[in-house]
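Asks: Dropping in work-v5.pdb, with PDB, C-alpha atoms.
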```
ATOM      1  CA  MET D1222      97.699 117.357  87.264
ATOM      2  CA  THR D1223      95.298 114.433  87.587
ATOM      3  CA  LEU D1224      95.301 113.989  83.820
ATOM      4  CA  ALA D1225      99.087 113.568  83.869
ATOM      5  CA  LEU D1226      98.747 110.995  86.649
ATOM      6  CA  LEU D1227      96.161 109.045  84.658
ATOM      7  CA  LEU D1228      98.384 109.127  81.578
ATOM      8  CA  ILE D1229     101.359 107.871  83.598
ATOM      9  CA  ALA D1230      99.177 105.164  85.150
ATOM     10  CA  LEU D1231      97.997 104.066  81.696
ATOM     11  CA  VAL D1232     101.561 103.734  80.372
ATOM     12  CA  LEU D1233     102.787 102.079  83.564
ATOM     13  CA  LEU D1234     100.021  99.499  83.934
ATOM     14  CA  GLY D1235      99.759  98.886  80.201
ATOM     15  CA  SER D1236     103.411  98.090  79.710
ATOM     16  CA  ALA D1237     103.609  96.063  82.950
ATOM     17  CA  ALA D1238     100.585  93.948  81.988
ATOM     18  CA  ALA D1239     101.874  93.482  78.445
ATOM     19  CA  ALA D1240     105.251  92.399  79.841
ATOM     20  CA  MET D1241     103.631  89.834  82.106
ATOM     21  CA  LEU D1242     101.473  88.497  79.256
ATOM     22  CA  SER D1243     104.113  88.452  76.541
ATOM     23  CA  ARG D1244     105.269  85.119  75.130
ATOM     24  CA  ASN D1245     108.694  86.459  74.225
ATOM     25  CA  LEU D1246     111.126  87.037  77.095
ATOM     26  CA  ILE D1247     113.025  89.773  75.282
ATOM     27  CA  HIS D1248     109.797  91.632  74.656
ATOM     28  CA  SER D1249     108.913  91.231  78.343
ATOM     29  CA  ALA D1250     112.236  92.702  79.446
ATOM     30  CA  LEU D1251     111.953  95.627  77.041
ATOM     31  CA  LEU D1252     108.335  96.330  78.017
ATOM     32  CA  LEU D1253     109.386  96.350  81.667
ATOM     33  CA  VAL D1254     111.910  99.061  80.818
ATOM     34  CA  GLY D1255     108.886 101.083  79.703
ATOM     35  CA  ALA D1256     107.104 100.332  82.969
ATOM     36  CA  TRP D1257     110.131 101.403  85.011
ATOM     37  CA  ALA D1258     110.443 104.601  82.981
ATOM     38  CA  GLY D1259     106.761 105.249  83.696
ATOM     39  CA  LEU D1260     107.463 104.806  87.375
ATOM     40  CA  ALA D1261     110.278 107.363  87.106
ATOM     41  CA  ALA D1262     107.769 109.716  85.471
ATOM     42  CA  PHE D1263     105.456 109.199  88.432
ATOM     43  CA  TYR D1264     108.267 110.108  90.834
ATOM     44  CA  LEU D1265     108.902 113.279  88.833
ATOM     45  CA  TRP D1266     105.175 114.020  88.953
ATOM     46  CA  ALA D1267     105.185 113.592  92.730
ATOM     47  CA  GLY D1268     108.150 115.935  93.159
ATOM     48  CA  ALA D1269     110.774 113.374  94.152
ATOM     49  CA  GLU D1270     113.325 114.207  91.475
ATOM     50  CA  PHE D1271     116.238 112.403  93.066
ATOM     51  CA  VAL D1272     114.273 109.166  93.404
ATOM     52  CA  ALA D1273     113.274 109.484  89.745
ATOM     53  CA  PHE D1274     116.911 109.786  88.712
ATOM     54  CA  ALA D1275     117.855 106.864  90.943
ATOM     55  CA  GLN D1276     115.042 104.841  89.359
ATOM     56  CA  VAL D1277     116.312 105.643  85.876
ATOM     57  CA  LEU D1278     119.908 104.823  86.799
ATOM     58  CA  VAL D1279     119.211 101.642  88.747
ATOM     59  CA  TYR D1280     116.227 100.110  86.946
ATOM     60  CA  VAL D1281     116.163 101.494  83.414
ATOM     61  CA  GLY D1282     119.934 101.394  83.219
ATOM     62  CA  ALA D1283     121.271  98.565  85.322
ATOM     63  CA  VAL D1284     118.590  96.035  86.271
ATOM     64  CA  SER D1285     117.224  95.902  82.713
ATOM     65  CA  MET D1286     120.707  95.078  81.421
ATOM     66  CA  VAL D1287     121.124  92.340  84.037
ATOM     67  CA  VAL D1288     117.728  90.914  83.059
ATOM     68  CA  LEU D1289     118.632  90.948  79.365
ATOM     69  CA  PHE D1290     121.936  89.211  80.115
ATOM     70  CA  ALA D1291     120.118  86.549  82.138
ATOM     71  CA  VAL D1292     117.598  86.038  79.321
ATOM     72  CA  LEU D1293     120.373  85.632  76.771
ATOM     73  CA  LEU D1294     122.463  83.335  78.990
ATOM     74  CA  THR D1295     119.543  81.011  79.693
ATOM     75  CA  ARG D1296     118.247  80.653  76.140
ATOM     76  CA  GLN D1297     117.622  77.141  74.993
ATOM     77  CA  GLY D1298     118.626  76.548  71.431
ATOM     78  CA  ALA D1299     119.258  79.088  68.747
ATOM     79  CA  THR D1300     115.680  80.103  68.175
ATOM     80  CA  ALA D1301     113.653  82.246  70.493
ATOM     81  CA  ALA D1302     111.046  79.692  71.452
ATOM     82  CA  PRO D1303     107.880  81.299  72.765
ATOM     83  CA  VAL D1304     107.412  80.990  76.495
ATOM     84  CA  GLU D1305     103.944  79.580  76.824
ATOM     85  CA  PHE D1306     101.771  79.720  79.880
ATOM     86  CA  ASP D1307     102.542  76.526  81.708
ATOM     87  CA  SER D1308      99.074  75.228  82.413
ATOM     88  CA  TYR D1309      95.552  76.525  82.338
ATOM     89  CA  LYS D1310      95.079  75.740  86.024
ATOM     90  CA  ARG D1311      98.155  77.708  87.050
ATOM     91  CA  MET D1312      97.197  80.695  84.935
ATOM     92  CA  VAL D1313      93.613  80.807  86.228
ATOM     93  CA  GLY D1314      94.805  80.359  89.808
ATOM     94  CA  GLY D1315      97.282  83.218  89.502
ATOM     95  CA  LEU D1316      94.786  85.545  87.871
ATOM     96  CA  VAL D1317      92.051  84.746  90.400
ATOM     97  CA  THR D1318      94.424  85.284  93.326
ATOM     98  CA  ALA D1319      95.660  88.581  91.929
ATOM     99  CA  GLY D1320      92.109  89.691  91.221
ATOM    100  CA  GLY D1321      91.057  88.852  94.753
ATOM    101  CA  VAL D1322      93.984  90.752  96.218
ATOM    102  CA  ALA D1323      93.154  93.696  93.956
ATOM    103  CA  GLY D1324      89.546  93.648  95.130
ATOM    104  CA  VAL D1325      90.511  93.594  98.804
ATOM    105  CA  LEU D1326      93.076  96.390  98.371
ATOM    106  CA  LEU D1327      90.762  98.607  96.313
ATOM    107  CA  GLY D1328      87.933  98.078  98.777
ATOM    108  CA  ALA D1329      90.201  99.024 101.671
ATOM    109  CA  ILE D1330      91.509 102.126  99.891
ATOM    110  CA  LEU D1331      88.109 103.364  98.766
ATOM    111  CA  GLY D1332      86.556 102.640 102.151
ATOM    112  CA  THR D1333      89.169 104.501 104.190
ATOM    113  CA  PRO D1334      88.800 108.224 104.786
ATOM    114  CA  LEU D1335      92.298 109.378 103.892
ATOM    115  CA  ALA D1336      93.045 112.878 105.072
ATOM    116  CA  ILE D1337      95.691 114.480 102.927
ATOM    117  CA  SER D1338      97.678 117.286 104.450
ATOM    118  CA  ALA D1339      96.338 120.801 104.254
ATOM    119  CA  HIS D1340      99.294 122.205 102.322
ATOM    120  CA  PRO D1341      98.812 120.493  98.981
ATOM    121  CA  ALA D1342     102.131 121.129  97.270
ATOM    122  CA  PRO D1343     105.141 120.803  99.549
ATOM    123  CA  ALA D1344     108.349 122.219  98.157
ATOM    124  CA  ALA D1345     110.261 119.466  96.416
ATOM    125  CA  ILE D1346     113.033 118.246  98.665
ATOM    126  CA  SER D1347     116.401 119.433  97.405
ATOM    127  CA  VAL D1348     119.398 117.211  96.860
ATOM    128  CA  LYS D1349     121.257 119.113  99.567
ATOM    129  CA  GLN D1350     118.557 118.367 102.130
ATOM    130  CA  LEU D1351     118.523 114.769 101.006
ATOM    131  CA  GLY D1352     122.277 114.486 101.375
ATOM    132  CA  LEU D1353     122.109 115.971 104.855
ATOM    133  CA  GLN D1354     119.403 113.460 105.746
ATOM    134  CA  LEU D1355     121.413 110.555 104.378
ATOM    135  CA  MET D1356     124.649 111.583 106.044
ATOM    136  CA  GLY D1357     123.040 112.690 109.291
ATOM    137  CA  PRO D1358     120.227 110.620 110.771
ATOM    138  CA  HIS D1359     120.517 107.790 108.246
ATOM    139  CA  ALA D1360     124.302 107.403 108.104
ATOM    140  CA  ALA D1361     124.266 103.946 109.697
ATOM    141  CA  ALA D1362     121.669 102.692 107.215
ATOM    142  CA  LEU D1363     123.736 104.111 104.354
ATOM    143  CA  LEU D1364     126.818 102.203 105.536
ATOM    144  CA  ILE D1365     124.802  99.007 105.942
ATOM    145  CA  VAL D1366     123.391  99.367 102.420
ATOM    146  CA  GLY D1367     126.931  99.767 101.107
ATOM    147  CA  VAL D1368     128.039  96.586 102.867
ATOM    148  CA  LEU D1369     124.910  94.778 101.665
ATOM    149  CA  LEU D1370     125.495  95.771  98.048
ATOM    150  CA  THR D1371     129.115  94.600  98.239
ATOM    151  CA  VAL D1372     128.130  91.263  99.758
ATOM    152  CA  ALA D1373     125.304  90.808  97.237
ATOM    153  CA  LEU D1374     127.656  91.547  94.344
ATOM    154  CA  LEU D1375     130.254  89.046  95.591
ATOM    155  CA  GLY D1376     127.544  86.481  96.261
ATOM    156  CA  ALA D1377     126.083  86.905  92.783
ATOM    157  CA  VAL D1378     129.516  86.418  91.213
ATOM    158  CA  ILE D1379     130.169  83.291  93.285
ATOM    159  CA  ILE D1380     126.731  81.805  92.599
ATOM    160  CA  ALA D1381     126.898  82.435  88.867
ATOM    161  CA  ALA D1382     130.562  81.444  88.444
ATOM    162  CA  ILE D1383     131.459  78.367  86.418
ATOM    163  CA  ASP D1384     131.964  75.253  88.533
ATOM    164  CA  ARG D1385     135.460  73.875  88.576
ATOM    165  CA  PRO D1386     135.823  70.670  86.560
ATOM    166  CA  GLU D1387     137.030  68.626  89.556
ATOM    167  CA  ASP D1388     133.722  69.207  91.319
ATOM    168  CA  PRO D1389     131.698  65.989  91.414
ATOM    169  CA  ALA D1390     128.629  66.071  89.252
ATOM    170  CA  PRO D1391     125.515  66.685  91.333
TER     171      PRO D1391
ATOM    172  CA  MET B 225      88.484 110.896  95.337
ATOM    173  CA  ASN B 226      91.602 112.681  96.465
ATOM    174  CA  PRO B 227      94.969 112.264  94.698
ATOM    175  CA  LEU B 228      96.401 110.107  97.477
ATOM    176  CA  GLN B 229      93.702 107.534  96.798
ATOM    177  CA  LEU B 230      94.499 107.654  93.084
ATOM    178  CA  CYS B 231      98.158 106.986  93.831
ATOM    179  CA  LEU B 232      97.293 104.129  96.161
ATOM    180  CA  ILE B 233      94.958 102.586  93.580
ATOM    181  CA  LEU B 234      97.710 102.842  90.964
ATOM    182  CA  SER B 235     100.161 101.131  93.285
ATOM    183  CA  SER B 236      97.636  98.408  94.186
ATOM    184  CA  LEU B 237      96.989  97.663  90.523
ATOM    185  CA  LEU B 238     100.727  97.559  89.793
ATOM    186  CA  PHE B 239     101.203  95.200  92.734
ATOM    187  CA  CYS B 240      98.467  92.912  91.435
ATOM    188  CA  VAL B 241      99.887  92.885  87.907
ATOM    189  CA  GLY B 242     103.190  91.771  89.418
ATOM    190  CA  LEU B 243     101.438  89.208  91.614
ATOM    191  CA  ALA B 244      99.550  87.763  88.658
ATOM    192  CA  GLY B 245     102.780  87.514  86.674
ATOM    193  CA  ALA B 246     104.644  85.866  89.550
ATOM    194  CA  LEU B 247     101.879  83.317  90.137
ATOM    195  CA  ALA B 248     100.708  82.567  86.613
ATOM    196  CA  ARG B 249     103.993  82.273  84.744
ATOM    197  CA  SER B 250     106.417  79.447  85.283
ATOM    198  CA  ASN B 251     109.498  80.978  83.723
ATOM    199  CA  THR B 252     111.876  81.904  86.535
ATOM    200  CA  ILE B 253     112.934  85.202  84.987
ATOM    201  CA  LEU B 254     109.336  86.313  84.538
ATOM    202  CA  VAL B 255     108.552  85.399  88.152
ATOM    203  CA  LEU B 256     111.510  87.490  89.280
ATOM    204  CA  LEU B 257     110.312  90.399  87.141
ATOM    205  CA  GLY B 258     106.872  90.113  88.728
ATOM    206  CA  ILE B 259     108.478  90.358  92.160
ATOM    207  CA  GLU B 260     110.371  93.438  90.981
ATOM    208  CA  LEU B 261     107.071  94.999  89.947
ATOM    209  CA  MET B 262     105.646  94.322  93.409
ATOM    210  CA  LEU B 263     108.670  95.999  95.014
ATOM    211  CA  ASN B 264     108.204  98.975  92.711
ATOM    212  CA  ALA B 265     104.570  99.241  93.800
ATOM    213  CA  ALA B 266     105.732  99.417  97.422
ATOM    214  CA  ASN B 267     108.148 102.208  96.461
ATOM    215  CA  LEU B 268     105.313 104.068  94.798
ATOM    216  CA  ASN B 269     103.423 103.918  98.098
ATOM    217  CA  PHE B 270     106.374 105.397  99.995
ATOM    218  CA  ILE B 271     106.518 108.341  97.613
ATOM    219  CA  ALA B 272     102.740 108.842  97.621
ATOM    220  CA  PHE B 273     102.547 108.924 101.416
ATOM    221  CA  TRP B 274     105.551 111.240 101.574
ATOM    222  CA  ARG B 275     103.983 113.607  99.039
ATOM    223  CA  TYR B 276     100.597 113.825 100.752
ATOM    224  CA  GLY B 277     101.592 113.109 104.345
ATOM    225  CA  PRO B 278     101.831 115.676 107.106
ATOM    226  CA  HIS B 279     105.642 115.698 107.350
ATOM    227  CA  ALA B 280     106.697 116.213 103.755
ATOM    228  CA  ALA B 281     109.562 118.554 104.643
ATOM    229  CA  THR B 282     111.639 115.939 106.461
ATOM    230  CA  GLY B 283     111.919 113.689 103.412
ATOM    231  CA  THR B 284     111.779 110.393 105.254
ATOM    232  CA  GLY B 285     109.721 108.782 102.493
ATOM    233  CA  VAL B 286     112.270 109.756  99.857
ATOM    234  CA  VAL B 287     115.128 108.295 101.903
ATOM    235  CA  PHE B 288     113.126 105.116 102.454
ATOM    236  CA  ALA B 289     112.410 104.815  98.729
ATOM    237  CA  LEU B 290     116.116 105.254  97.926
ATOM    238  CA  PHE B 291     117.075 102.468 100.322
ATOM    239  CA  ALA B 292     114.333 100.242  98.908
ATOM    240  CA  ILE B 293     115.682 100.799  95.376
ATOM    241  CA  ALA B 294     119.171  99.818  96.563
ATOM    242  CA  ILE B 295     117.851  96.632  98.207
ATOM    243  CA  ALA B 296     115.839  95.788  95.089
ATOM    244  CA  ALA B 297     118.943  96.136  92.928
ATOM    245  CA  ALA B 298     120.859  93.715  95.176
ATOM    246  CA  GLU B 299     117.908  91.319  95.109
ATOM    247  CA  ALA B 300     117.716  91.405  91.316
ATOM    248  CA  ALA B 301     121.447  90.689  90.948
ATOM    249  CA  VAL B 302     121.390  87.714  93.329
ATOM    250  CA  GLY B 303     118.111  86.399  91.891
ATOM    251  CA  LEU B 304     119.333  86.427  88.326
ATOM    252  CA  ALA B 305     122.612  84.795  89.384
ATOM    253  CA  LEU B 306     120.505  82.042  90.976
ATOM    254  CA  VAL B 307     118.531  81.692  87.736
ATOM    255  CA  ILE B 308     121.775  81.244  85.802
ATOM    256  CA  ALA B 309     123.088  78.700  88.337
ATOM    257  CA  VAL B 310     119.847  76.689  88.208
ATOM    258  CA  HIS B 311     119.899  76.801  84.442
ATOM    259  CA  ARG B 312     123.438  75.452  84.386
ATOM    260  CA  HIS B 313     122.537  72.473  86.581
ATOM    261  CA  ARG B 314     119.047  71.719  85.280
ATOM    262  CA  LYS B 315     119.271  73.007  81.704
ATOM    263  CA  SER B 316     115.891  74.613  82.292
ATOM    264  CA  VAL B 317     114.426  77.819  83.662
ATOM    265  CA  ARG B 318     111.029  76.358  84.475
ATOM    266  CA  LEU B 319     110.168  76.551  88.153
ATOM    267  CA  GLN B 320     108.679  73.037  88.147
ATOM    268  CA  ASP B 321     111.984  71.499  87.054
ATOM    269  CA  ALA B 322     113.901  72.691  90.119
ATOM    270  CA  ASN B 323     112.243  70.173  92.430
ATOM    271  CA  THR B 324     115.127  68.380  94.142
ATOM    272  CA  LEU B 325     113.963  69.448  97.599
ATOM    273  CA  LYS B 326     110.326  68.663  96.891
ATOM    274  CA  GLY B 327     108.929  66.163  99.384
TER     275      GLY B 327
END
```
Show this structure as structure tokens.
Replies:
Amino acid sequence: MTLALLLIALVLLGSAAAAMLSRNLIHSALLLVGAWAGLAAFYLWAGAEFVAFAQVLVYVGAVSMVVLFAVLLTRQGATAAPVEFDSYKRMVGGLVTAGGVAGVLLGAILGTPLAISAHPAPAAISVKQLGLQLMGPHAAALLIVGVLLTVALLGAVIIAAIDRPEDPAP
Amino acid sequence: MNPLQLCLILSSLLFCVGLAGALARSNTILVLLGIELMLNAANLNFIAFWRYGPHAATGTGVVFALFAIAIAAAEAAVGLALVIAVHRHRKSVRLQDANTLKG
């Protein structure tokens, strides 16, 4: 059980770190697909099957395609120029900040006595229960998420649409 | 070390990988992907606390994670549309080049 978690963590963190370090944007996007699939594996490990399937559908399927489209639409020139780190100062600053945050978080986690519940393996929540939850107590949130997704989709189309030629140049 | 702590450490490390990517890189798409990784780390926390919390049968953590995934998808779509719009106006995806509002 713990071995599977460590394996998932290795794949997840390895591909995420490689994606953030890669000099090729396409490689970054494809490595992040691996990281998102690892996250879906973690959800399966934790017993949240429906969230795992949603993760695969939304991230591995949809968001990765949107990212790849954005990478291809914003390419400069015909060649895939490597995306270098911008400056040494920026890189060191980012890594030091992230390391500091990691230290604080790990110290807080390891220093807190976390009591896990006495029943170690709760029955995985079924899709029927989940649907009843979504349609019952969380129905308003579900409607709001639907409206939000519609508005976000329309907004994305309007933002990314081609400007009309009569618009004055900015 | 109990499994909840392992899950929390995993999510903290994932968050910090995303934070390092968002701060250290200057390509807008990579920054957005770092933010996505941070959101995913938060989702991982929801599931971990649901799995090991005292009220696992109600499934609140799962519902919360589903809503967070939906919000993250909307955020990714709008963010990448913004990247494309900035690229059309500036012919660049570097963060430092979009500095019209800089004082």
Asks: Pull out every residue that the ChimeraX specification (/B :<6) & /D matches in the shown coordinates and put them as JSON, numbers by chain.
Replies: {"D": [1241, 1306, 1311, 1312, 1315, 1316, 1319, 1323, 1337, 1338, 1370, 1373, 1377, 1381]}
Asks: Keeping only C-alpha atoms, take the residues you just selected and write them out as a PDB file, in the frame of the given file.
Replies:
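Output file selection-v1.pdb is given in full below:
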```pdb
ATOM      1  CA  MET D1241     103.631  89.834  82.106  1.00  0.00           C
ATOM      2  CA  PHE D1306     101.771  79.720  79.880  1.00  0.00           C
ATOM      3  CA  ARG D1311      98.155  77.708  87.050  1.00  0.00           C
ATOM      4  CA  MET D1312      97.197  80.695  84.935  1.00  0.00           C
ATOM      5  CA  GLY D1315      97.282  83.218  89.502  1.00  0.00           C
ATOM      6  CA  LEU D1316      94.786  85.545  87.871  1.00  0.00           C
ATOM      7  CA  ALA D1319      95.660  88.581  91.929  1.00  0.00           C
ATOM      8  CA  ALA D1323      93.154  93.696  93.956  1.00  0.00           C
ATOM      9  CA  ILE D1337      95.691 114.480 102.927  1.00  0.00           C
ATOM     10  CA  SER D1338      97.678 117.286 104.450  1.00  0.00           C
ATOM     11  CA  LEU D1370     125.495  95.771  98.048  1.00  0.00           C
ATOM     12  CA  ALA D1373     125.304  90.808  97.237  1.00  0.00           C
ATOM     13  CA  ALA D1377     126.083  86.905  92.783  1.00  0.00           C
ATOM     14  CA  ALA D1381     126.898  82.435  88.867  1.00  0.00           C
TER      15      ALA D1381
END
```
Asks: Could you please determine the separation between CA of Leu263 in chain B and CA of Lys1349 in chain D in Å, to one decimal place?
Replies: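 Pair CA of Leu263 in chain B / CA of Lys1349 in chain D returns 26.7 Å.
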Asks: Interatomic distance between CA of Ala1269 in chain D and CA of Ser1347 in chain D?
Replies: 8.9 Å
Asks: Residues within 9 Å of Val1292 in chain D, please, as an mmCIF file with C-alpha atoms, keeping the file's coordinate frame. Count all atoms listed in the file; anything in the same chain fewer than 6 positions from it doesn't count.
Replies:
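Contents of around.cif, as written:
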```
data_model
loop_
_atom_site.group_PDB
_atom_site.id
_atom_site.type_symbol
_atom_site.label_atom_id
_atom_site.label_comp_id
_atom_site.auth_asym_id
_atom_site.auth_seq_id
_atom_site.Cartn_x
_atom_site.Cartn_y
_atom_site.Cartn_z
ATOM 1 C CA LEU D 1246 111.126 87.037 77.095
ATOM 2 C CA ILE D 1247 113.025 89.773 75.282
ATOM 3 C CA ALA D 1250 112.236 92.702 79.446
ATOM 4 C CA ILE B 253 112.934 85.202 84.987
#
```
Asks: Kindly extract all protein, DNA and RNA residues lying within 8 Å of the coordinates (105.1, 95.3, 83.3) given in the file, considering only C-alpha atoms, and supply them as a count of residues only.
Replies: 18
Asks: Tell me, as a VMD selection string, which residues lie within 9 Å of Gln1276 in chain D, counting only C-alpha atoms; anything in the same chain fewer than 4 positions away does not count.
Replies: (chain D and resid 1257 to 1258 1260 to 1261 1264 1271 to 1272 1280 to 1282) or (chain B and resid 290 293)
Asks: Using the file's own x, y and z axes, what box holds all listed atoms of range 1307-1317 of chain D with 6 Å on each side, keeping edges along x, y and z, and what are its centre and edge lengths in Å to one decimal, as JSON?
Replies:
```
{"center_x": 97.3, "center_y": 80.4, "center_z": 86.1, "size_x": 22.5, "size_y": 22.3, "size_z": 20.7}
```
Asks: In Å to one decimal, how far is CA of Glu1270 in chain D from CA of Gln1350 in chain D?
Replies: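 Pair CA of Gln1350 in chain D / CA of Glu1270 in chain D returns 12.6 Å.
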